[in-house]
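Enquirer: Below is the file work19.pdb, with PDB, C-alpha atoms, pLDDT in the B column.
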```
MODEL        1
ATOM      1  CA  MET A 912      45.705 110.723  91.973  1.00 58.00           C
ATOM      2  CA  ARG A 913      47.577 107.475  91.283  1.00 61.00           C
ATOM      3  CA  MET A 914      50.476 109.450  89.837  1.00 62.00           C
ATOM      4  CA  PHE A 915      50.591 111.515  93.008  1.00 57.00           C
ATOM      5  CA  TYR A 916      50.871 108.405  95.217  1.00 53.00           C
ATOM      6  CA  ARG A 917      53.443 106.794  92.942  1.00 61.00           C
ATOM      7  CA  GLY A 918      55.475 109.974  93.059  1.00 58.00           C
ATOM      8  CA  LEU A 919      55.123 110.133  96.830  1.00 54.00           C
ATOM      9  CA  VAL A 920      56.240 106.512  97.236  1.00 55.00           C
ATOM     10  CA  VAL A 921      59.263 107.050  94.987  1.00 58.00           C
ATOM     11  CA  THR A 922      60.185 110.221  96.875  1.00 60.00           C
ATOM     12  CA  VAL A 923      59.915 108.506 100.262  1.00 55.00           C
ATOM     13  CA  LEU A 924      61.998 105.551  99.063  1.00 55.00           C
ATOM     14  CA  LEU A 925      64.684 107.878  97.734  1.00 59.00           C
ATOM     15  CA  LEU A 926      64.806 109.855 100.969  1.00 58.00           C
ATOM     16  CA  VAL A 927      65.014 106.703 103.084  1.00 58.00           C
ATOM     17  CA  GLY A 928      67.722 105.246 100.846  1.00 58.00           C
ATOM     18  CA  CYS A 929      69.780 108.416 100.928  1.00 56.00           C
ATOM     19  CA  SER A 930      69.561 108.826 104.673  1.00 53.00           C
ATOM     20  CA  ALA A 931      70.894 105.353 105.499  1.00 55.00           C
ATOM     21  CA  GLU A 932      74.066 105.358 107.558  1.00 66.00           C
ATOM     22  CA  GLU A 933      77.296 104.435 105.844  1.00 65.00           C
ATOM     23  CA  PRO A 934      78.579 101.033 106.893  1.00 64.00           C
ATOM     24  CA  THR A 935      81.430 101.187 109.354  1.00 75.00           C
ATOM     25  CA  GLY A 936      84.612  99.206 108.972  1.00 73.00           C
ATOM     26  CA  PRO A 937      86.596  97.380 111.574  1.00 77.00           C
ATOM     27  CA  PRO A 938      87.832  99.393 114.536  1.00 76.00           C
ATOM     28  CA  LEU A 939      90.923 101.387 113.656  1.00 79.00           C
ATOM     29  CA  GLU A 940      93.513 101.984 116.323  1.00 82.00           C
ATOM     30  CA  MET A 941      96.484 103.984 115.148  1.00 85.00           C
ATOM     31  CA  ARG A 942      99.295 103.319 117.581  1.00 90.00           C
ATOM     32  CA  HIS A 943     102.138 105.064 115.801  1.00 92.00           C
ATOM     33  CA  SER A 944     102.880 108.661 114.924  1.00 92.00           C
ATOM     34  CA  VAL A 945     104.077 109.896 111.552  1.00 93.00           C
ATOM     35  CA  SER A 946     107.603 110.056 113.010  1.00 93.00           C
ATOM     36  CA  ASP A 947     107.320 106.419 114.084  1.00 95.00           C
ATOM     37  CA  LEU A 948     106.178 105.405 110.594  1.00 95.00           C
ATOM     38  CA  MET A 949     109.050 107.333 109.036  1.00 95.00           C
ATOM     39  CA  ALA A 950     111.656 105.761 111.294  1.00 96.00           C
ATOM     40  CA  GLY A 951     110.247 102.248 111.408  1.00 96.00           C
ATOM     41  CA  LEU A 952     108.772 101.692 107.940  1.00 96.00           C
ATOM     42  CA  ILE A 953     109.362 104.387 105.380  1.00 97.00           C
ATOM     43  CA  ASP A 954     113.055 105.200 105.858  1.00 97.00           C
ATOM     44  CA  PRO A 955     114.146 101.529 105.992  1.00 97.00           C
ATOM     45  CA  ALA A 956     112.012 100.731 102.931  1.00 98.00           C
ATOM     46  CA  ALA A 957     113.444 103.664 100.983  1.00 97.00           C
ATOM     47  CA  ASP A 958     116.959 102.617 102.007  1.00 97.00           C
ATOM     48  CA  GLY A 959     116.144  99.111 100.775  1.00 97.00           C
ATOM     49  CA  LEU A 960     115.452 100.535  97.333  1.00 96.00           C
ATOM     50  CA  TRP A 961     118.346 102.983  97.281  1.00 96.00           C
ATOM     51  CA  ASP A 962     120.863 100.415  98.525  1.00 97.00           C
ATOM     52  CA  ALA A 963     119.734  97.637  96.159  1.00 97.00           C
ATOM     53  CA  VAL A 964     121.718  98.848  93.162  1.00 96.00           C
ATOM     54  CA  GLY A 965     124.817 101.000  93.045  1.00 94.00           C
ATOM     55  CA  THR A 966     128.346 101.631  91.963  1.00 93.00           C
ATOM     56  CA  VAL A 967     131.256 103.113  93.876  1.00 93.00           C
ATOM     57  CA  TRP A 968     134.809 103.820  92.864  1.00 95.00           C
ATOM     58  CA  ASP A 969     137.655 103.668  95.325  1.00 93.00           C
ATOM     59  CA  GLU A 970     141.401 103.069  95.316  1.00 95.00           C
ATOM     60  CA  THR A 971     140.845  99.430  94.296  1.00 94.00           C
ATOM     61  CA  GLY A 972     138.591 100.281  91.366  1.00 93.00           C
ATOM     62  CA  GLU A 973     134.933 100.140  90.491  1.00 94.00           C
ATOM     63  CA  HIS A 974     132.507  98.136  92.628  1.00 93.00           C
ATOM     64  CA  HIS A 975     128.993  97.510  91.358  1.00 93.00           C
ATOM     65  CA  TRP A 976     126.210  95.663  93.120  1.00 94.00           C
ATOM     66  CA  GLU A 977     122.660  94.706  92.264  1.00 96.00           C
ATOM     67  CA  PRO A 978     120.247  91.991  93.327  1.00 97.00           C
ATOM     68  CA  ASP A 979     121.502  88.658  92.072  1.00 95.00           C
ATOM     69  CA  SER A 980     119.299  86.120  93.820  1.00 97.00           C
ATOM     70  CA  GLU A 981     115.586  85.575  94.251  1.00 97.00           C
ATOM     71  CA  GLU A 982     115.955  86.542  97.921  1.00 97.00           C
ATOM     72  CA  ASP A 983     117.532  89.855  96.903  1.00 97.00           C
ATOM     73  CA  TRP A 984     114.657  90.623  94.509  1.00 98.00           C
ATOM     74  CA  ILE A 985     112.108  89.651  97.152  1.00 98.00           C
ATOM     75  CA  ALA A 986     113.710  92.211  99.479  1.00 98.00           C
ATOM     76  CA  VAL A 987     113.532  94.935  96.811  1.00 98.00           C
ATOM     77  CA  ARG A 988     109.880  94.120  96.093  1.00 98.00           C
ATOM     78  CA  ALA A 989     109.151  94.182  99.827  1.00 98.00           C
ATOM     79  CA  SER A 990     110.743  97.625 100.129  1.00 98.00           C
ATOM     80  CA  ALA A 991     108.605  99.001  97.308  1.00 98.00           C
ATOM     81  CA  MET A 992     105.440  97.404  98.697  1.00 98.00           C
ATOM     82  CA  THR A 993     106.200  98.741 102.166  1.00 98.00           C
ATOM     83  CA  LEU A 994     106.552 102.279 100.799  1.00 97.00           C
ATOM     84  CA  MET A 995     103.250 101.963  98.977  1.00 97.00           C
ATOM     85  CA  GLU A 996     101.325 100.656 101.976  1.00 97.00           C
ATOM     86  CA  ALA A 997     103.022 103.030 104.408  1.00 97.00           C
ATOM     87  CA  GLY A 998     101.760 105.824 102.186  1.00 96.00           C
ATOM     88  CA  ASN A 999      98.236 104.620 102.848  1.00 95.00           C
ATOM     89  CA  LEU A1000      98.934 104.724 106.573  1.00 95.00           C
ATOM     90  CA  LEU A1001     100.080 108.343 106.262  1.00 95.00           C
ATOM     91  CA  MET A1002      96.708 109.342 104.824  1.00 93.00           C
ATOM     92  CA  ILE A1003      94.377 107.971 107.507  1.00 91.00           C
ATOM     93  CA  GLY A1004      93.043 109.254 110.786  1.00 88.00           C
ATOM     94  CA  GLU A1005      94.625 112.296 112.354  1.00 87.00           C
ATOM     95  CA  ARG A1006      97.970 111.859 110.587  1.00 91.00           C
ATOM     96  CA  PRO A1007      97.475 114.279 107.690  1.00 91.00           C
ATOM     97  CA  PRO A1008      98.219 117.805 108.946  1.00 88.00           C
ATOM     98  CA  ASP A1009      96.108 119.052 106.029  1.00 84.00           C
ATOM     99  CA  ASN A1010      94.208 117.287 103.315  1.00 78.00           C
ATOM    100  CA  GLU A1011      95.289 118.572  99.963  1.00 89.00           C
ATOM    101  CA  ALA A1012      99.074 118.989 100.035  1.00 93.00           C
ATOM    102  CA  TRP A1013      99.835 116.090 102.384  1.00 94.00           C
ATOM    103  CA  ILE A1014      97.690 113.700 100.363  1.00 95.00           C
ATOM    104  CA  GLY A1015      99.347 114.889  97.151  1.00 96.00           C
ATOM    105  CA  TYR A1016     102.875 114.346  98.458  1.00 96.00           C
ATOM    106  CA  THR A1017     101.909 110.969  99.882  1.00 96.00           C
ATOM    107  CA  GLN A1018     100.269 109.874  96.650  1.00 97.00           C
ATOM    108  CA  ASN A1019     103.417 110.884  94.765  1.00 97.00           C
ATOM    109  CA  MET A1020     105.440 108.605  97.056  1.00 97.00           C
ATOM    110  CA  ILE A1021     103.009 105.756  96.479  1.00 98.00           C
ATOM    111  CA  ASP A1022     103.173 106.294  92.701  1.00 98.00           C
ATOM    112  CA  ALA A1023     106.997 106.319  92.680  1.00 98.00           C
ATOM    113  CA  ALA A1024     107.047 103.176  94.820  1.00 98.00           C
ATOM    114  CA  ALA A1025     104.633 101.512  92.376  1.00 98.00           C
ATOM    115  CA  VAL A1026     107.119 102.158  89.564  1.00 98.00           C
ATOM    116  CA  ALA A1027     109.861 100.698  91.775  1.00 98.00           C
ATOM    117  CA  LEU A1028     107.720  97.626  92.421  1.00 98.00           C
ATOM    118  CA  ALA A1029     107.183  97.128  88.695  1.00 98.00           C
ATOM    119  CA  ALA A1030     110.942  97.409  88.133  1.00 98.00           C
ATOM    120  CA  ALA A1031     111.626  94.895  90.914  1.00 98.00           C
ATOM    121  CA  GLU A1032     109.007  92.504  89.580  1.00 98.00           C
ATOM    122  CA  ALA A1033     110.731  92.716  86.187  1.00 98.00           C
ATOM    123  CA  GLU A1034     114.059  92.174  87.981  1.00 98.00           C
ATOM    124  CA  ASP A1035     115.399  95.193  86.121  1.00 98.00           C
ATOM    125  CA  ALA A1036     118.297  96.527  88.203  1.00 97.00           C
ATOM    126  CA  GLU A1037     118.805  99.588  86.005  1.00 97.00           C
ATOM    127  CA  ALA A1038     115.137 100.566  86.350  1.00 97.00           C
ATOM    128  CA  VAL A1039     115.320 100.099  90.135  1.00 97.00           C
ATOM    129  CA  PHE A1040     118.346 102.404  90.199  1.00 97.00           C
ATOM    130  CA  ASP A1041     116.628 104.984  87.984  1.00 96.00           C
ATOM    131  CA  VAL A1042     113.401 105.077  90.005  1.00 97.00           C
ATOM    132  CA  GLY A1043     115.430 105.646  93.160  1.00 96.00           C
ATOM    133  CA  GLU A1044     115.746 109.273  92.099  1.00 96.00           C
ATOM    134  CA  SER A1045     111.962 109.624  91.789  1.00 96.00           C
ATOM    135  CA  VAL A1046     111.464 108.115  95.226  1.00 96.00           C
ATOM    136  CA  TYR A1047     114.094 110.484  96.641  1.00 96.00           C
ATOM    137  CA  ASN A1048     112.485 113.495  94.977  1.00 96.00           C
ATOM    138  CA  THR A1049     109.044 112.670  96.380  1.00 96.00           C
ATOM    139  CA  CYS A1050     110.504 112.285  99.866  1.00 95.00           C
ATOM    140  CA  ASN A1051     112.528 115.472  99.586  1.00 95.00           C
ATOM    141  CA  ALA A1052     109.562 117.501  98.301  1.00 95.00           C
ATOM    142  CA  CYS A1053     107.442 116.481 101.281  1.00 94.00           C
ATOM    143  CA  HIS A1054     110.245 116.936 103.797  1.00 94.00           C
ATOM    144  CA  SER A1055     110.868 120.452 102.514  1.00 93.00           C
ATOM    145  CA  VAL A1056     107.366 121.326 103.749  1.00 92.00           C
ATOM    146  CA  TYR A1057     106.678 118.962 106.647  1.00 90.00           C
ATOM    147  CA  TRP A1058     110.080 118.099 108.119  1.00 78.00           C
ATOM    148  CA  VAL A1059     109.757 117.723 111.890  1.00 58.00           C
TER     149      VAL A1059
ENDMDL
END
```
Could I get this file's structure written as structure tokens?

Expert:
Amino acid sequence: MRMFYRGLVVTVLLLVGCSAEEPTGPPLEMRHSVSDLMAGLIDPAADGLWDAVGTVWDETGEHHWEPDSEEDWIAVRASAMTLMEAGNLLMIGERPPDNEAWIGYTQNMIDAAAVALAAAEAEDAEAVFDVGESVYNTCNACHSVYWV
């Protein structure tokens, strides 16, 4: 009989523990649409990465630029961090039009931006330039499906 009561107590405790409500976080008020995030955060951050390093040739010759001061590298790091965190914003609330594909594309953007952040933290201009293609490809892949 003791085993029965012990089993009953354990069962009741498990049921009570499993039925507890999940804790809620702070109130979340999303004030901006996906289009707003693209125009105000994501596009400027991507441009910050793409414009950080480059080379052009014109009638006066070759012109190369890359970050050459701590302020320049801070700006590149900020662009990468903004892309990463903006990706998180794209995945919350009512923003995802579906769960699987949208989340996958967004995670790819976050992953590419993480590589860009590592390159910026290393102050490796060539790596920042190279990862720009990955960032572009993640954006382009998503836009080919979800372009508004």

Enquirer: Which neighbours of Cys1050 (chain A) fall inside 12 Å, counting all atoms listed in the file, when residues of the same chain fewer than 4 positions from it are skipped, and could you give them as a ChimeraX atom specification?

Expert: /A:949,953-954,957-958,994,998,1013,1015-1024,1043-1046,1054-1058

Enquirer: Would you mind exporting the chosen residues as an mmCIF file, in the coordinates of the input, restricted to C-alpha atoms?

Expert:
```
data_model
loop_
_atom_site.group_PDB
_atom_site.id
_atom_site.type_symbol
_atom_site.label_atom_id
_atom_site.label_comp_id
_atom_site.auth_asym_id
_atom_site.auth_seq_id
_atom_site.Cartn_x
_atom_site.Cartn_y
_atom_site.Cartn_z
ATOM 1 C CA MET A 949 109.050 107.333 109.036
ATOM 2 C CA ILE A 953 109.362 104.387 105.380
ATOM 3 C CA ASP A 954 113.055 105.200 105.858
ATOM 4 C CA ALA A 957 113.444 103.664 100.983
ATOM 5 C CA ASP A 958 116.959 102.617 102.007
ATOM 6 C CA LEU A 994 106.552 102.279 100.799
ATOM 7 C CA GLY A 998 101.760 105.824 102.186
ATOM 8 C CA TRP A 1013 99.835 116.090 102.384
ATOM 9 C CA GLY A 1015 99.347 114.889 97.151
ATOM 10 C CA TYR A 1016 102.875 114.346 98.458
ATOM 11 C CA THR A 1017 101.909 110.969 99.882
ATOM 12 C CA GLN A 1018 100.269 109.874 96.650
ATOM 13 C CA ASN A 1019 103.417 110.884 94.765
ATOM 14 C CA MET A 1020 105.440 108.605 97.056
ATOM 15 C CA ILE A 1021 103.009 105.756 96.479
ATOM 16 C CA ASP A 1022 103.173 106.294 92.701
ATOM 17 C CA ALA A 1023 106.997 106.319 92.680
ATOM 18 C CA ALA A 1024 107.047 103.176 94.820
ATOM 19 C CA GLY A 1043 115.430 105.646 93.160
ATOM 20 C CA GLU A 1044 115.746 109.273 92.099
ATOM 21 C CA SER A 1045 111.962 109.624 91.789
ATOM 22 C CA VAL A 1046 111.464 108.115 95.226
ATOM 23 C CA HIS A 1054 110.245 116.936 103.797
ATOM 24 C CA SER A 1055 110.868 120.452 102.514
ATOM 25 C CA VAL A 1056 107.366 121.326 103.749
ATOM 26 C CA TYR A 1057 106.678 118.962 106.647
ATOM 27 C CA TRP A 1058 110.080 118.099 108.119
#
```

Enquirer: Which residue, A:Asp1009, A:Leu1000, A:Ile1014, A:Ala1038, has the smallest gap to Leu948 (chain A) when you use only C-alpha atoms?

Expert: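 Ranked by minimum distance to Leu948 (chain A), first place goes to A:Leu1000.
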
Enquirer: Between A:Gly959, A:Gly965, A:Gly972, A:Pro1007, single out the one closest to Ser990 (chain A), counting all atoms listed in the file.

Expert: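 Counting all atoms listed in the file, the residue closest to Ser990 (chain A) is A:Gly959.
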
Enquirer: What is the CA of Trp984 (chain A)-CA of Asp1041 (chain A) distance in Å, reported with one decimal?

Expert: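 If I compute the distance from CA of Trp984 (chain A) to CA of Asp1041 (chain A), I get 15.9 Å.
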
Enquirer: What gap, in Å, lies between CA of Arg942 (chain A) and CA of Val1026 (chain A)?

Expert: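 According to the coordinates, CA of Arg942 (chain A) and CA of Val1026 (chain A) are separated by 29.1 Å.
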
Enquirer: Compare A:Trp961, A:Met1002, A:Asp983, A:Asn1048 by their minimum atom-to-atom distance to Ala1027 (chain A), counting all atoms listed in the file, and give me the closest one.

Expert: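 When distances to Ala1027 (chain A) are compared using all atoms listed in the file, the smallest one comes from A:Trp961.
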
Enquirer: Give me, please, the distance in Å between CA of Ile985 (chain A) and CA of Ala1030 (chain A), quoted to one decimal.

Expert: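 Separating CA of Ile985 (chain A) from CA of Ala1030 (chain A) is a distance of 12.0 Å.
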
Enquirer: Name the closest residue to Ala963 (chain A) among the candidates A:Ser980, A:Ser946, A:Asn1010, A:Thr935; distances are taken between atoms, counting only C-alpha atoms.

Expert: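 Counting only C-alpha atoms, the residue closest to Ala963 (chain A) is A:Ser980.
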
Enquirer: Closest to Asp962 (chain A) among A:Ala1036, A:Val945, A:Ala1012, A:Ala1029, using only C-alpha atoms?

Expert: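 With only C-alpha atoms as the atom set, the closest residue is A:Ala1036.
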
Enquirer: Leaving out Ala989 (chain A) and any residue of its chain fewer than 6 positions from it, which residues lie within 10 Å of it when counting only C-alpha atoms, given as a VMD selection string?

Expert: chain A and resid 956 959 to 960 983 995 1028 1031

Enquirer: Just checking: using all atoms listed in the file, which residue out of A:Gly951, A:Trp968, A:Gly936, A:Glu1032 ends up closest to Met992 (chain A)?

Expert: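 Closest residue, counting all atoms listed in the file: A:Glu1032.
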